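A.B. asks: work.cif is reproduced in full below (mmCIF, C-alpha atoms).
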data_run
#
loop_
_atom_site.label_atom_id
_atom_site.label_comp_id
_atom_site.auth_asym_id
_atom_site.auth_seq_id
_atom_site.Cartn_x
_atom_site.Cartn_y
_atom_site.Cartn_z
CA MET A 1 83.25 10.79 74.20
CA LEU A 2 84.84 8.96 77.14
CA LYS A 3 83.72 10.70 80.33
CA TYR A 4 85.83 10.46 83.46
CA ALA A 5 85.88 11.87 86.97
CA LEU A 6 88.80 12.20 89.37
CA ARG A 7 88.78 10.38 92.70
CA GLU A 8 91.25 10.49 95.56
CA ASN A 9 93.91 7.79 95.21
CA LEU A 10 93.96 6.05 98.59
CA LEU A 11 96.87 3.78 97.66
CA THR A 12 99.59 6.45 97.68
CA PRO A 13 100.90 8.44 100.64
CA GLN A 14 100.58 11.74 98.79
CA PRO A 15 97.43 13.65 99.88
CA ASN A 16 96.91 15.27 96.48
CA ASP A 17 97.14 12.15 94.31
CA TYR A 18 94.00 11.46 92.28
CA MET A 19 93.02 8.79 89.80
CA ALA A 20 90.57 8.78 86.89
CA GLN A 21 87.37 6.73 86.95
CA VAL A 22 85.36 6.26 83.76
CA THR A 23 81.70 7.26 84.18
CA ASP A 24 78.49 6.79 82.19
CA SER A 25 80.04 4.22 79.87
CA ARG A 26 77.23 2.57 77.90
CA SER A 27 77.67 -1.05 76.84
CA TYR A 28 76.44 -2.74 73.66
CA ASN A 29 75.48 -6.39 73.35
CA LEU A 30 75.84 -8.41 70.15
CA GLU A 31 72.31 -7.68 68.92
CA GLN A 32 72.81 -3.95 69.37
CA ILE A 33 76.14 -4.09 67.53
CA ILE A 34 74.46 -5.89 64.63
CA ASP A 35 71.80 -3.15 64.55
CA LYS A 36 74.59 -0.58 64.32
CA MET A 37 76.16 -2.50 61.43
CA ILE A 38 72.85 -2.35 59.56
CA GLU A 39 72.56 1.38 60.27
CA ARG A 40 75.97 1.87 58.63
CA GLY A 41 74.53 0.53 55.39
CA SER A 42 75.40 -3.15 55.40
CA THR A 43 73.93 -5.04 52.44
CA LEU A 44 73.53 -8.13 54.61
CA THR A 45 70.31 -8.81 56.47
CA LYS A 46 70.18 -8.97 60.26
CA ALA A 47 69.67 -12.74 60.03
CA ASP A 48 72.75 -13.08 57.79
CA ILE A 49 74.94 -11.06 60.14
CA THR A 50 73.64 -12.91 63.22
CA ALA A 51 74.41 -16.27 61.61
CA ALA A 52 77.88 -15.14 60.52
CA MET A 53 78.68 -13.81 63.98
CA GLN A 54 77.53 -17.08 65.56
CA VAL A 55 79.80 -19.10 63.28
CA TYR A 56 82.67 -16.68 63.96
CA THR A 57 82.18 -16.97 67.74
CA GLU A 58 81.95 -20.77 67.64
CA THR A 59 85.07 -21.00 65.47
CA VAL A 60 87.13 -18.73 67.71
CA CYS A 61 86.02 -20.65 70.81
CA SER A 62 86.90 -23.94 69.10
CA LEU A 63 90.41 -22.71 68.32
CA LEU A 64 90.87 -21.50 71.89
CA GLU A 65 89.70 -24.87 73.24
CA GLU A 66 92.61 -26.40 71.34
CA GLY A 67 95.00 -24.03 73.11
CA LEU A 68 95.65 -21.98 69.99
CA GLN A 69 96.10 -18.21 69.78
CA ILE A 70 93.90 -15.67 68.02
CA ASN A 71 95.43 -12.68 66.24
CA THR A 72 92.92 -10.32 64.62
CA PRO A 73 92.74 -6.56 64.01
CA LEU A 74 90.60 -6.32 67.16
CA ILE A 75 92.24 -8.65 69.68
CA ASN A 76 95.23 -10.89 70.26
CA THR A 77 95.01 -13.77 72.71
CA SER A 78 97.40 -16.01 74.59
CA MET A 79 96.96 -18.67 77.27
CA SER A 80 98.52 -19.04 80.70
CA ILE A 81 98.09 -21.42 83.63
CA SER A 82 97.95 -20.25 87.25
CA GLY A 83 98.39 -22.32 90.38
CA VAL A 84 101.27 -24.11 92.10
CA PHE A 85 102.69 -27.38 90.74
CA GLU A 86 104.11 -29.73 93.36
CA GLY A 87 107.34 -30.77 91.76
CA ALA A 88 108.46 -31.48 88.20
CA THR A 89 106.29 -34.62 87.87
CA ASP A 90 103.04 -32.87 88.85
CA SER A 91 100.37 -32.35 86.19
CA PHE A 92 97.47 -30.00 85.61
CA ASP A 93 94.66 -30.48 88.14
CA ALA A 94 91.48 -28.46 87.63
CA SER A 95 90.95 -28.28 91.40
CA ARG A 96 94.33 -26.56 91.87
CA HIS A 97 95.10 -24.95 88.56
CA THR A 98 93.29 -22.59 86.21
CA VAL A 99 93.68 -21.91 82.50
CA ASN A 100 93.58 -18.16 81.87
CA ILE A 101 93.07 -16.28 78.63
CA ASN A 102 95.09 -13.11 78.17
CA ILE A 103 93.67 -10.55 75.75
CA THR A 104 95.52 -7.56 74.28
CA PRO A 105 94.30 -5.07 71.66
CA GLY A 106 95.00 -5.81 68.00
CA THR A 107 96.38 -3.29 65.52
CA LYS A 108 93.00 -1.81 64.58
CA LEU A 109 91.90 -1.53 68.19
CA LYS A 110 95.15 0.22 69.11
CA GLU A 111 94.52 2.76 66.35
CA THR A 112 91.00 3.29 67.70
CA LEU A 113 92.20 3.82 71.28
CA ALA A 114 94.50 6.58 70.06
CA LYS A 115 91.48 8.41 68.64
CA VAL A 116 89.29 8.28 71.78
CA LYS A 117 88.31 11.76 72.97
CA THR A 118 87.88 12.34 76.69
CA GLN A 119 85.76 14.69 78.78
CA LYS A 120 86.26 15.46 82.46
CA VAL A 121 83.07 15.51 84.54
CA GLU A 122 82.32 16.04 88.21
CA ALA A 123 82.25 12.93 90.40
CA ALA A 124 78.75 12.51 91.75
CA SER A 125 78.61 8.79 92.56
CA THR A 126 78.16 7.65 96.15
CA ASP A 127 78.63 3.98 95.26
CA PRO A 128 81.39 1.89 96.84
CA PHE A 129 84.62 2.38 94.89
CA VAL A 130 87.23 -0.40 94.80
CA THR A 131 90.77 0.61 93.81
CA GLU A 132 92.73 -2.55 94.64
CA VAL A 133 92.14 -6.22 95.44
CA LYS A 134 94.89 -8.26 97.11
CA ASP A 135 95.05 -12.02 97.59
CA ILE A 136 96.54 -12.42 101.07
CA VAL A 137 97.56 -16.06 100.47
CA SER A 138 99.75 -15.35 97.45
CA GLY A 139 100.36 -11.64 97.97
CA VAL A 140 99.34 -10.99 94.36
CA VAL A 141 97.47 -7.75 93.66
CA ASN A 142 94.63 -7.29 91.13
CA GLU A 143 95.16 -10.67 89.46
CA CYS A 144 93.97 -13.69 91.42
CA LEU A 145 92.28 -14.96 94.57
CA THR A 146 92.64 -18.24 96.48
CA ALA A 147 89.63 -20.30 97.53
CA GLY A 148 89.48 -20.54 101.31
CA GLY A 149 91.91 -17.61 101.64
CA ILE A 150 91.50 -13.95 102.53
CA LEU A 151 90.97 -11.08 100.12
CA GLN A 152 91.71 -7.46 100.94
CA ALA A 153 89.86 -4.73 99.05
CA ALA A 154 90.92 -1.09 99.28
CA GLY A 155 88.94 1.93 98.15
CA SER A 156 86.30 4.29 99.48
CA ARG A 157 82.72 3.96 100.79
CA LEU A 158 83.24 0.19 101.19
CA LYS A 159 81.68 -0.32 104.63
CA PHE A 160 78.43 -2.34 104.72
CA ASP A 161 76.04 -4.04 107.15
CA ASN A 162 77.13 -7.68 107.14
CA THR A 163 73.95 -8.78 108.94
CA ASP A 164 72.01 -7.93 105.77
CA GLU A 165 72.59 -10.71 103.23
CA ALA A 166 71.91 -8.29 100.37
CA GLN A 167 75.02 -6.36 101.39
CA GLY A 168 78.61 -7.51 101.58
CA VAL A 169 81.47 -8.81 99.45
CA PHE A 170 80.38 -10.77 96.39
CA LEU A 171 82.29 -12.65 93.69
CA VAL A 172 80.31 -12.51 90.46
CA PRO A 173 81.02 -14.89 87.55
CA GLU A 174 80.25 -13.94 83.95
CA THR A 175 77.39 -16.44 84.05
CA GLY A 176 75.70 -17.94 87.08
CA ASN A 177 74.97 -16.79 90.61
CA ALA A 178 77.09 -14.45 92.69
CA VAL A 179 78.99 -15.95 95.64
CA ARG A 180 78.83 -14.03 98.94
CA CYS A 181 81.85 -13.96 101.26
CA ASN A 182 80.03 -14.41 104.55
CA ILE A 183 83.00 -14.19 106.91
CA VAL A 184 84.30 -10.62 107.16
CA ALA A 185 87.45 -9.90 109.17
CA GLU A 186 87.57 -6.14 108.60
CA ASN A 187 84.75 -3.82 107.54
CA LYS A 188 85.92 -0.24 107.15
CA PRO A 189 85.11 2.55 104.65
CA ALA A 190 88.57 2.33 103.05
CA ARG A 191 89.39 -1.36 103.51
CA ILE A 192 87.54 -4.67 103.59
CA MET A 193 88.99 -8.08 104.46
CA ALA A 194 86.86 -11.15 103.85
CA MET A 195 87.27 -14.92 103.57
CA ILE A 196 86.70 -16.49 100.16
CA PRO A 197 84.46 -19.59 100.42
CA ALA A 198 86.59 -22.74 100.22
CA ASP A 199 84.06 -24.47 97.96
CA ILE A 200 83.88 -21.72 95.33
CA THR A 201 84.24 -23.00 91.77
CA ALA A 202 87.56 -22.11 90.16
CA GLY A 203 87.20 -19.54 87.41
CA THR A 204 87.12 -15.79 86.76
CA TYR A 205 85.01 -13.42 88.82
CA TYR A 206 84.25 -9.75 89.30
CA LEU A 207 84.48 -8.50 92.87
CA GLU A 208 81.55 -6.38 94.04
CA ILE A 209 81.00 -4.48 97.28
CA ARG A 210 77.27 -4.00 97.94
CA SER A 211 76.14 -1.56 100.61
CA LYS A 212 73.09 0.39 101.73
CA LEU A 213 75.05 2.70 104.03
CA ASN A 214 74.92 6.41 103.23
CA ALA A 215 77.42 9.18 103.95
CA ALA A 216 76.26 9.33 107.57
CA ARG A 217 76.80 5.55 107.90
CA ASP A 218 73.07 5.06 108.32
CA THR A 219 71.32 2.23 106.51
CA GLY A 220 69.14 3.37 103.64
CA LYS A 221 66.82 1.57 101.25
CA THR A 222 68.97 1.84 98.11
CA LEU A 223 71.51 -0.91 97.46
CA LYS A 224 74.68 0.59 96.02
CA VAL A 225 77.12 -1.58 94.10
CA GLY A 226 80.81 -0.97 93.47
CA ARG A 227 82.46 -3.39 91.04
CA PHE A 228 86.22 -3.72 90.63
CA GLY A 229 86.93 -3.14 86.96
CA LYS A 230 89.20 -6.14 86.36
CA MET A 231 88.19 -9.80 86.47
CA LEU A 232 90.03 -11.93 89.03
CA SER A 233 91.08 -15.55 88.62
CA VAL A 234 89.98 -17.71 91.56
CA THR A 235 92.02 -20.87 92.13
CA GLY A 236 91.71 -23.74 94.60
CA THR A 237 93.82 -24.06 97.70
CA THR A 238 97.23 -25.64 97.26
#
Could you take the file, read its structure, and then write that structure out as structure tokens?
C.D. replies:
Amino acid sequence: MLKYALRENLLTPQPNDYMAQVTDSRSYNLEQIIDKMIERGSTLTKADITAAMQVYTETVCSLLEEGLQINTPLINTSMSISGVFEGATDSFDASRHTVNINITPGTKLKETLAKVKTQKVEAASTDPFVTEVKDIVSGVVNECLTAGGILQAAGSRLKFDNTDEAQGVFLVPETGNAVRCNIVAENKPARIMAMIPADITAGTYYLEIRSKLNAARDTGKTLKVGRFGKMLSVTGTT
């Protein structure tokens, strides 16, 4: 059952516009998925399945490294390149350009999505909630960010104490350490503007707003984290 709560949509002028936010969505890692496969009565051992999944993962990654596409019942992939090329004779430069992988659901996954049952629940979270992320340099929304540029995040309960290094705007890669945006130009409950470090490594990141402020705007002990649901591609300055 997919549980969701309604939150006020701050991006439209209509006062009664709301948007759905998925809540209490449990995630499964590979080991847990393999355990579920065994529970369903697989005749293979856990070691067999683990080995097969490792070979499958390595093979898919190898094909992607060659710039090829993957089309399976679960996912379909394609590649794209972001960044500005300076004239027709320019070539790919990892400091200015980024290879992106685009993933869409395959036929089996589409069938599964059509069968998902939903349940409306009451919104109880007091965490920061990010609804939109805009790259001021390019003007692109919810897609990319530019190193050394300014990002603008819209939402609710976003304000934080920037003097506390545990709070603030963070860019979080899939692996590795989070990068804090130390320079903040605007720090309001519904909008944050911060400078992206110029030396950040190009790649894909989640944006997180971390705050200890409560409803009364007083600093508490609990660190609350609001993560934007879509990964953003960070590119170098042009």
A.B. asks: Can you give me, as a list in words, the residues this file yields under the PyMOL selection byres ((chain A and resi 170) around 7)?
C.D. replies: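 This file gives the following for the PyMOL selection byres ((chain A and resi 170) around 7): Gly168, Val169, Leu171, Val172, Ala178, Val179, Arg180, Cys181, Leu207, Glu208 and Ile209 of chain A.
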A.B. asks: Find the residues near Ala202 (chain A): any atom within 7 Å, counting only C-alpha atoms, skip ones fewer than 6 places away on the same chain, and give them as an MDAnalysis selection string.
C.D. replies: chainID A and resid 98 234:236
A.B. asks: Given all atoms listed in the file as the basis, pick out the residue of A:Ser138, A:Asn187, A:Thr89, A:Thr204 nearest to Met231 (chain A).
C.D. replies: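 Nearest to Met231 (chain A): A:Thr204.
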A.B. asks: For CA of Val116 (chain A) and CA of Glu39 (chain A), determine how far apart the two atoms are, in Å to one decimal place.
C.D. replies: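 It comes out at 21.4 Å.
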A.B. asks: Once the PyMOL selection byres ((chain A and resi 30-37) around 9) has been evaluated on this model, what residues remain selected, and can you format them as a PyMOL selection string?
C.D. replies: chain A and resi 28-29+38-42+46+49-50+53
A.B. asks: Starting from the displayed file, determine the output of the PyMOL selection byres ((chain A and resi 203) around 12) and express the residue list as a ChimeraX atom specification.
C.D. replies: /A:81-83,94-101,144-147,171-176,200-202,204-206,231-236
A.B. asks: List the spatial neighbours of region 191-196 of chain A as number ranges by chain - criterion: any atom at most 8 Å away, only C-alpha atoms, same-chain residues fewer than 4 positions off excluded.
C.D. replies: A: 146-156, 158-159, 169, 181-187, 200
A.B. asks: Using CA of Met79 (chain A) and CA of Glu143 (chain A) as the two end points, give the distance in Å to one decimal.
C.D. replies: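 Atom-to-atom, CA of Met79 (chain A) and CA of Glu143 (chain A) are spaced 14.7 Å apart.
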